[in-house]
Amino acid sequence: MFIGIDHGTSAMRFAGEGREFKLSREAAKDFVIADLARICPLDEIEGIAVCYSMGDNFSKITRIDRVQNRGLVSREGAGKHIGGGTRVFDEVAASGIPAIAIPGLHRGSPTDPRFKAYSHQTSPEKIGIAYEVCHDLGGDVIVSDISSNTVTLLVSAGKIVGAFDACIFAPGTLHGALDVDAIRNVDKGSCTANEAFQHAGVHFSVPEPERMRTVALFAAMECAALRLLNPGAAIALAGSLAPAVAQEVGTLLGSKVAVYDEWCASRGCARIARDVFSGKATILGLDTDL
């Protein structure tokens with residue numbers, strides 16, 4: 001059995017061969033490796049793939065004991081720091097079970113160099129989502145993960161081209177890019193940049209009746225922008241808001257839209273673990289380091 005672990009914004013999700021469970025990130029602070037017995041007996045686990053935070057100080061899918069600082073340049077940055085993800089990462093690393101860490105996409109990643117105008121493109125769990133979607137739809141896909149924030153990624157000919165991170169373009173319900181008002185508030189000391197990011201979503205900026213239409217519009221614009229690089233790519237949506245906005249996104253793009261549930265990332269990571277521990281040398285263009 002191979003297990004994938006998704007470090008999501010609100011929860012940690014664990015999946016393996018049709019079995020899954022999740023913990024809020026607060027509850028995950030009490031995680032112990034024995035909790036994985038909810039999926040299968042520990043002695044049946046052949047490998048684990050773990051996501052942690054931004055994953056921005058390594059660029060290969062790497063054996064967990066070779067990752068420095070849990071794969072981070074710094075814990076400072078956009079997002080909430082709770083401790084559940086740290087606990088899960090450390091428990092897996094200390095367990096003795098074969099495990100790999102999935103990197104995020106950043107300036108050290110093998111993406112189209114034009115995307116490196118920004119320091120960070122996406123966090124690791126989006127690699128799991130993309131891998132699962134490509135398994136179903138083929139090697140040319142645009143995937144938008146839509147929930148508290150929105151991140152959209154392009155795969156062409158089975159290799160990741162690049163992505164729009166949550167603080168760059170489309171808002172989610174809670175998080176989004178810092179606009180002029182947000183920059184002014186940061187400059188005058190009313191909030192930190194991270195606090196501004198966490199209050200830039202449509203729940204704070206748009207009247208309730210327009211919120212889902214706004215999320216759909218910006219997600220569709222991200223998909224349309226990535227279509228410049230691959231006009232024939234299939235479109236897929238994941239994340240908790242995917243079902244709510246799929247029809248509007250499909251209408252705006254004039255395309256069929258495949259919809260995936262909240263388990264897509266952890267299932268994709270489990271698939272990565274299976275393939276890497278079975279000897280696959282690259283995943284979506286990312287090298288492995290075992």
# chains A, B, ... in the order shown; residues from 1 in each chain; ligands from 1
>>> closest_atom_pairs(of="segment 136-247 of chain A", to="segment 109-128 of chain A", cutoff="10 Å", atoms="only C-alpha atoms", output="CSV")
residue,atom,partner,partner_atom,distance
A:Val143,CA,A:Lys126,CA,8.6
A:Ser144,CA,A:Lys126,CA,9.0
A:Asp145,CA,A:Lys126,CA,7.5
A:Val151,CA,A:Thr122,CA,6.9
A:Thr152,CA,A:Thr122,CA,8.3
A:Leu153,CA,A:Lys126,CA,7.8
A:Leu154,CA,A:Thr111,CA,10.0
A:Val155,CA,A:Thr111,CA,10.0
A:Lys159,CA,A:Thr111,CA,8.6
A:Ile160,CA,A:Thr111,CA,6.4
A:Val161,CA,A:Thr111,CA,5.0
A:Gly162,CA,A:Thr111,CA,5.4
A:Ala163,CA,A:Gln121,CA,5.1
A:Phe164,CA,A:Gln121,CA,5.4
A:Asp165,CA,A:Gln121,CA,4.6
A:Ala166,CA,A:Thr122,CA,7.6
A:Cys167,CA,A:Gln121,CA,9.3
A:Ile168,CA,A:Tyr118,CA,8.4
A:Ala238,CA,A:Lys126,CA,9.5
>>> write_last_selection(atoms="N, CA and C atoms", output="short mmCIF file (atom, residue, chain, number, x, y, z; two decimals), in the first residue's frame")
data_model
loop_
_atom_site.label_atom_id
_atom_site.label_comp_id
_atom_site.auth_asym_id
_atom_site.auth_seq_id
_atom_site.Cartn_x
_atom_site.Cartn_y
_atom_site.Cartn_z
N VAL A 143 -5.09 22.69 -14.74
CA VAL A 143 -5.80 22.34 -13.52
C VAL A 143 -5.89 23.57 -12.62
N SER A 144 -7.09 23.93 -12.23
CA SER A 144 -7.28 25.03 -11.29
C SER A 144 -7.83 24.47 -9.98
N ASP A 145 -7.10 24.69 -8.91
CA ASP A 145 -7.50 24.24 -7.57
C ASP A 145 -8.11 25.43 -6.85
N VAL A 151 -5.19 28.38 -7.29
CA VAL A 151 -3.89 28.14 -7.93
C VAL A 151 -4.15 27.34 -9.20
N THR A 152 -3.54 27.75 -10.31
CA THR A 152 -3.78 27.11 -11.60
C THR A 152 -2.46 26.72 -12.24
N LEU A 153 -2.42 25.51 -12.79
CA LEU A 153 -1.18 24.89 -13.24
C LEU A 153 -1.35 24.31 -14.63
N LEU A 154 -0.31 24.36 -15.44
CA LEU A 154 -0.32 23.83 -16.81
C LEU A 154 0.67 22.69 -16.95
N VAL A 155 0.19 21.57 -17.52
CA VAL A 155 1.04 20.45 -17.92
C VAL A 155 0.92 20.29 -19.42
N LYS A 159 4.70 17.23 -18.94
CA LYS A 159 5.65 17.97 -18.11
C LYS A 159 5.02 19.28 -17.64
N ILE A 160 5.29 19.62 -16.39
CA ILE A 160 4.77 20.87 -15.85
C ILE A 160 5.45 22.04 -16.54
N VAL A 161 4.64 22.99 -17.02
CA VAL A 161 5.14 24.19 -17.67
C VAL A 161 5.27 25.33 -16.67
N GLY A 162 4.27 25.50 -15.82
CA GLY A 162 4.30 26.58 -14.84
C GLY A 162 2.94 26.72 -14.18
N ALA A 163 2.84 27.69 -13.26
CA ALA A 163 1.61 27.86 -12.50
C ALA A 163 1.49 29.29 -12.00
N PHE A 164 0.25 29.67 -11.69
CA PHE A 164 -0.05 30.94 -11.02
C PHE A 164 -0.31 30.64 -9.54
N ASP A 165 0.50 31.19 -8.66
CA ASP A 165 0.32 30.97 -7.24
C ASP A 165 -0.85 31.79 -6.70
N ALA A 166 -1.24 31.48 -5.45
CA ALA A 166 -2.43 32.07 -4.86
C ALA A 166 -2.33 33.57 -4.67
N CYS A 167 -1.13 34.09 -4.46
CA CYS A 167 -0.99 35.53 -4.19
C CYS A 167 -0.69 36.34 -5.44
N ILE A 168 -0.84 35.73 -6.62
CA ILE A 168 -0.49 36.40 -7.87
C ILE A 168 -1.71 36.93 -8.63
N ALA A 238 -10.34 21.39 -9.28
CA ALA A 238 -10.29 20.64 -8.04
C ALA A 238 -10.54 21.62 -6.89
#
>>> residues_around(residues="segment 203-208 of chain A", least_positions_apart="4", cutoff="12 Å", atoms="only C-alpha atoms", output="list of chain:residue names")
A:Ser147, A:Ser148, A:Asn149, A:Pro171, A:Gly172, A:Thr173, A:Leu174, A:His175, A:Gly176, A:Ala177, A:Leu178, A:Asp179, A:Asp181, A:Ala182, A:Ala196, A:Phe197, A:Gln198, A:His199, A:Met212, A:Arg213, A:Thr214, A:Val215
>>> closest_residue(among="A:Ala216, A:Ala34, A:Asp136, A:Ala200", to="Tyr260 of chain A", atoms="only C-alpha atoms")
A:Asp136
>>> residues_around(residues="Val67 of chain A", least_positions_apart="2", cutoff="12 Å", atoms="only C-alpha atoms", output="ChimeraX atom specification")
/A:50-52,55-65,69-73,89-90,93,99-103,289-290
>>> write_last_selection(atoms="C-alpha atoms", output="short mmCIF file (atom, residue, chain, number, x, y, z; two decimals), in the first residue's frame")
data_model
loop_
_atom_site.label_atom_id
_atom_site.label_comp_id
_atom_site.auth_asym_id
_atom_site.auth_seq_id
_atom_site.Cartn_x
_atom_site.Cartn_y
_atom_site.Cartn_z
CA VAL A 50 4.29 13.91 1.82
CA CYS A 51 3.46 17.53 1.02
CA TYR A 52 4.56 20.28 3.38
CA GLY A 55 8.21 23.18 -0.54
CA ASP A 56 10.44 25.93 -1.88
CA ASN A 57 14.03 24.92 -1.02
CA PHE A 58 14.22 21.76 -3.14
CA SER A 59 13.16 20.97 -6.68
CA LYS A 60 13.35 17.17 -6.97
CA ILE A 61 11.01 14.59 -5.45
CA THR A 62 13.33 13.69 -2.61
CA ARG A 63 13.69 11.04 0.05
CA ILE A 64 12.41 12.66 3.22
CA ASP A 65 15.63 12.29 5.20
CA ASN A 69 14.40 22.38 6.96
CA ARG A 70 11.37 20.27 5.94
CA GLY A 71 11.83 21.59 2.41
CA LEU A 72 11.37 25.26 3.25
CA VAL A 73 13.48 28.34 2.68
CA PHE A 89 5.98 15.61 8.44
CA ASP A 90 8.12 14.86 11.50
CA ALA A 93 10.24 11.23 8.81
CA ALA A 99 8.90 8.28 2.34
CA ILE A 100 9.43 11.04 -0.19
CA ALA A 101 8.72 14.76 -0.03
CA ILE A 102 7.08 16.51 -2.98
CA PRO A 103 8.54 19.92 -3.89
CA ASP A 289 16.34 11.83 -5.59
CA LEU A 290 16.16 8.66 -3.56
#
>>> residues_around(residues="Val257 of chain A", least_positions_apart="3", cutoff="8 Å", atoms="only C-alpha atoms", output="ChimeraX atom specification")
/A:234-237,246-247,249-250
>>> select_by_dssp(residues="segment 77-125 of chain A", states="helix (DSSP H, G or I)", output="PyMOL selection string")
chain A and resi 84-94+113-117+125
>>> atom_distance(atom1="atom CA of Arg87 of chain A", atom2="atom CA of Met54 of chain A")
15.7 Å
>>> atom_distance(atom1="atom CA of Cys264 of chain A", atom2="atom CA of Arg66 of chain A")
26.4 Å
>>> residues_around(residues="segment 12-22 of chain A", least_positions_apart="6", cutoff="12 Å", atoms="only C-alpha atoms", output="PyMOL selection string")
chain A and resi 1-6+28-29+31+33+35-41+44-53+82-89+125+128+261-274
>>> select_by_dssp(residues="segment 11-239 of chain A", states="strand (DSSP E)", output="PyMOL selection string")
chain A and resi 11-16+19-24+47-50+61-63+99-101+105-106+120-122+141-146+150-156+159-164+234-238
>>> write_last_selection(atoms="N, CA and C atoms", output="compact mmCIF listing (two decimals), in the first residue's frame")
# COMPACT_ATOMS: atom_id res chain seq x y z
N ALA A 11 -6.99 21.42 6.10
CA ALA A 11 -6.94 20.05 6.61
C ALA A 11 -5.77 19.29 6.02
N MET A 12 -5.39 18.23 6.73
CA MET A 12 -4.45 17.23 6.22
C MET A 12 -5.28 16.06 5.73
N ARG A 13 -5.04 15.64 4.49
CA ARG A 13 -5.80 14.52 3.92
C ARG A 13 -4.85 13.38 3.61
N PHE A 14 -5.29 12.16 3.94
CA PHE A 14 -4.48 10.96 3.82
C PHE A 14 -5.24 9.97 2.94
N ALA A 15 -4.60 9.42 1.92
CA ALA A 15 -5.29 8.53 1.00
C ALA A 15 -4.38 7.40 0.56
N GLY A 16 -5.03 6.24 0.30
CA GLY A 16 -4.31 5.10 -0.25
C GLY A 16 -5.27 4.04 -0.73
N ARG A 19 -9.00 4.22 0.24
CA ARG A 19 -9.27 4.51 1.65
C ARG A 19 -8.67 5.86 1.99
N GLU A 20 -9.38 6.65 2.76
CA GLU A 20 -8.87 7.96 3.11
C GLU A 20 -9.47 8.47 4.41
N PHE A 21 -8.78 9.43 5.00
CA PHE A 21 -9.32 10.16 6.14
C PHE A 21 -8.66 11.52 6.17
N LYS A 22 -9.24 12.44 6.92
CA LYS A 22 -8.65 13.76 7.04
C LYS A 22 -8.69 14.24 8.48
N LEU A 23 -7.78 15.14 8.79
CA LEU A 23 -7.70 15.80 10.08
C LEU A 23 -7.62 17.30 9.84
N SER A 24 -8.32 18.07 10.65
CA SER A 24 -8.08 19.51 10.58
C SER A 24 -6.63 19.76 10.92
N GLY A 47 5.31 2.77 0.99
CA GLY A 47 5.89 4.08 0.76
C GLY A 47 4.87 5.19 0.96
N ILE A 48 5.35 6.37 1.31
CA ILE A 48 4.51 7.53 1.57
C ILE A 48 5.05 8.71 0.79
N ALA A 49 4.16 9.52 0.23
CA ALA A 49 4.54 10.80 -0.37
C ALA A 49 3.89 11.91 0.44
N VAL A 50 4.71 12.85 0.90
CA VAL A 50 4.29 13.91 1.82
C VAL A 50 4.40 15.28 1.15
N ILE A 61 11.74 15.45 -6.39
CA ILE A 61 11.01 14.59 -5.45
C ILE A 61 12.07 13.80 -4.68
N THR A 62 12.14 14.05 -3.38
CA THR A 62 13.33 13.69 -2.61
C THR A 62 12.99 12.82 -1.41
N ARG A 63 13.85 11.85 -1.15
CA ARG A 63 13.69 11.04 0.05
C ARG A 63 13.65 11.95 1.27
N ALA A 99 9.74 7.10 2.60
CA ALA A 99 8.90 8.28 2.34
C ALA A 99 9.66 9.27 1.46
N ILE A 100 8.89 9.97 0.66
CA ILE A 100 9.43 11.04 -0.19
C ILE A 100 8.67 12.32 0.09
N ALA A 101 9.35 13.45 -0.12
CA ALA A 101 8.72 14.76 -0.03
C ALA A 101 8.55 15.32 -1.44
N LEU A 105 6.73 24.43 -6.71
CA LEU A 105 7.35 25.01 -7.91
C LEU A 105 7.81 26.42 -7.57
N HIS A 106 9.06 26.74 -7.95
CA HIS A 106 9.67 28.01 -7.59
C HIS A 106 10.78 28.29 -8.61
N HIS A 120 7.61 32.18 -6.55
CA HIS A 120 6.91 30.94 -6.20
C HIS A 120 5.73 30.76 -7.13
N GLN A 121 5.52 29.52 -7.57
CA GLN A 121 4.42 29.23 -8.48
C GLN A 121 3.31 28.39 -7.84
N THR A 122 3.68 27.39 -7.08
CA THR A 122 2.66 26.60 -6.39
C THR A 122 3.27 25.74 -5.30
N VAL A 141 -2.97 19.23 -19.76
CA VAL A 141 -4.07 19.65 -18.90
C VAL A 141 -3.77 21.00 -18.24
N ILE A 142 -4.82 21.72 -17.98
CA ILE A 142 -4.79 22.90 -17.13
C ILE A 142 -5.66 22.57 -15.93
N VAL A 143 -5.09 22.69 -14.74
CA VAL A 143 -5.80 22.34 -13.52
C VAL A 143 -5.89 23.57 -12.62
N SER A 144 -7.09 23.93 -12.23
CA SER A 144 -7.28 25.03 -11.29
C SER A 144 -7.83 24.47 -9.98
N ASP A 145 -7.10 24.69 -8.91
CA ASP A 145 -7.50 24.24 -7.57
C ASP A 145 -8.11 25.43 -6.85
N ILE A 146 -9.40 25.33 -6.53
CA ILE A 146 -10.17 26.50 -6.10
C ILE A 146 -10.82 26.23 -4.75
N THR A 150 -6.90 30.24 -4.91
CA THR A 150 -6.96 29.66 -6.25
C THR A 150 -5.55 29.58 -6.83
N VAL A 151 -5.19 28.38 -7.29
CA VAL A 151 -3.89 28.14 -7.93
C VAL A 151 -4.15 27.34 -9.20
N THR A 152 -3.54 27.75 -10.31
CA THR A 152 -3.78 27.11 -11.60
C THR A 152 -2.46 26.72 -12.24
N LEU A 153 -2.42 25.51 -12.79
CA LEU A 153 -1.18 24.89 -13.24
C LEU A 153 -1.35 24.31 -14.63
N LEU A 154 -0.31 24.36 -15.44
CA LEU A 154 -0.32 23.83 -16.81
C LEU A 154 0.67 22.69 -16.95
N VAL A 155 0.19 21.57 -17.52
CA VAL A 155 1.04 20.45 -17.92
C VAL A 155 0.92 20.29 -19.42
N SER A 156 2.04 20.24 -20.13
CA SER A 156 2.06 20.00 -21.57
C SER A 156 2.97 18.82 -21.87
N LYS A 159 4.70 17.23 -18.94
CA LYS A 159 5.65 17.97 -18.11
C LYS A 159 5.02 19.28 -17.64
N ILE A 160 5.29 19.62 -16.39
CA ILE A 160 4.77 20.87 -15.85
C ILE A 160 5.45 22.04 -16.54
N VAL A 161 4.64 22.99 -17.02
CA VAL A 161 5.14 24.19 -17.67
C VAL A 161 5.27 25.33 -16.67
N GLY A 162 4.27 25.50 -15.82
CA GLY A 162 4.30 26.58 -14.84
C GLY A 162 2.94 26.72 -14.18
N ALA A 163 2.84 27.69 -13.26
CA ALA A 163 1.61 27.86 -12.50
C ALA A 163 1.49 29.29 -12.00
N PHE A 164 0.25 29.67 -11.69
CA PHE A 164 -0.05 30.94 -11.02
C PHE A 164 -0.31 30.64 -9.54
N ALA A 234 -6.84 20.00 -21.89
CA ALA A 234 -8.09 19.74 -21.17
C ALA A 234 -8.13 20.62 -19.92
N ILE A 235 -9.33 20.95 -19.47
CA ILE A 235 -9.52 21.80 -18.29
C ILE A 235 -10.08 20.96 -17.15
N ALA A 236 -9.48 21.07 -15.99
CA ALA A 236 -9.98 20.37 -14.80
C ALA A 236 -9.99 21.32 -13.62
N LEU A 237 -10.96 21.14 -12.75
CA LEU A 237 -11.07 21.91 -11.52
C LEU A 237 -11.01 20.96 -10.34
N ALA A 238 -10.34 21.39 -9.28
CA ALA A 238 -10.29 20.64 -8.04
C ALA A 238 -10.54 21.62 -6.89
>>> closest_residue(among="A:Gly139, A:Ser278, A:Gly158, A:Gly104", to="His7 of chain A", atoms="only C-alpha atoms")
A:Gly104
>>> atom_distance(atom1="atom CA of Asp43 of chain A", atom2="atom CA of Ile97 of chain A")
8.8 Å
>>> residues_around(residues="Met221 of chain A", least_positions_apart="4", cutoff="9 Å", atoms="only C-alpha atoms", output="number ranges by chain")
A: 170, 216-217, 225-226, 249, 252-253
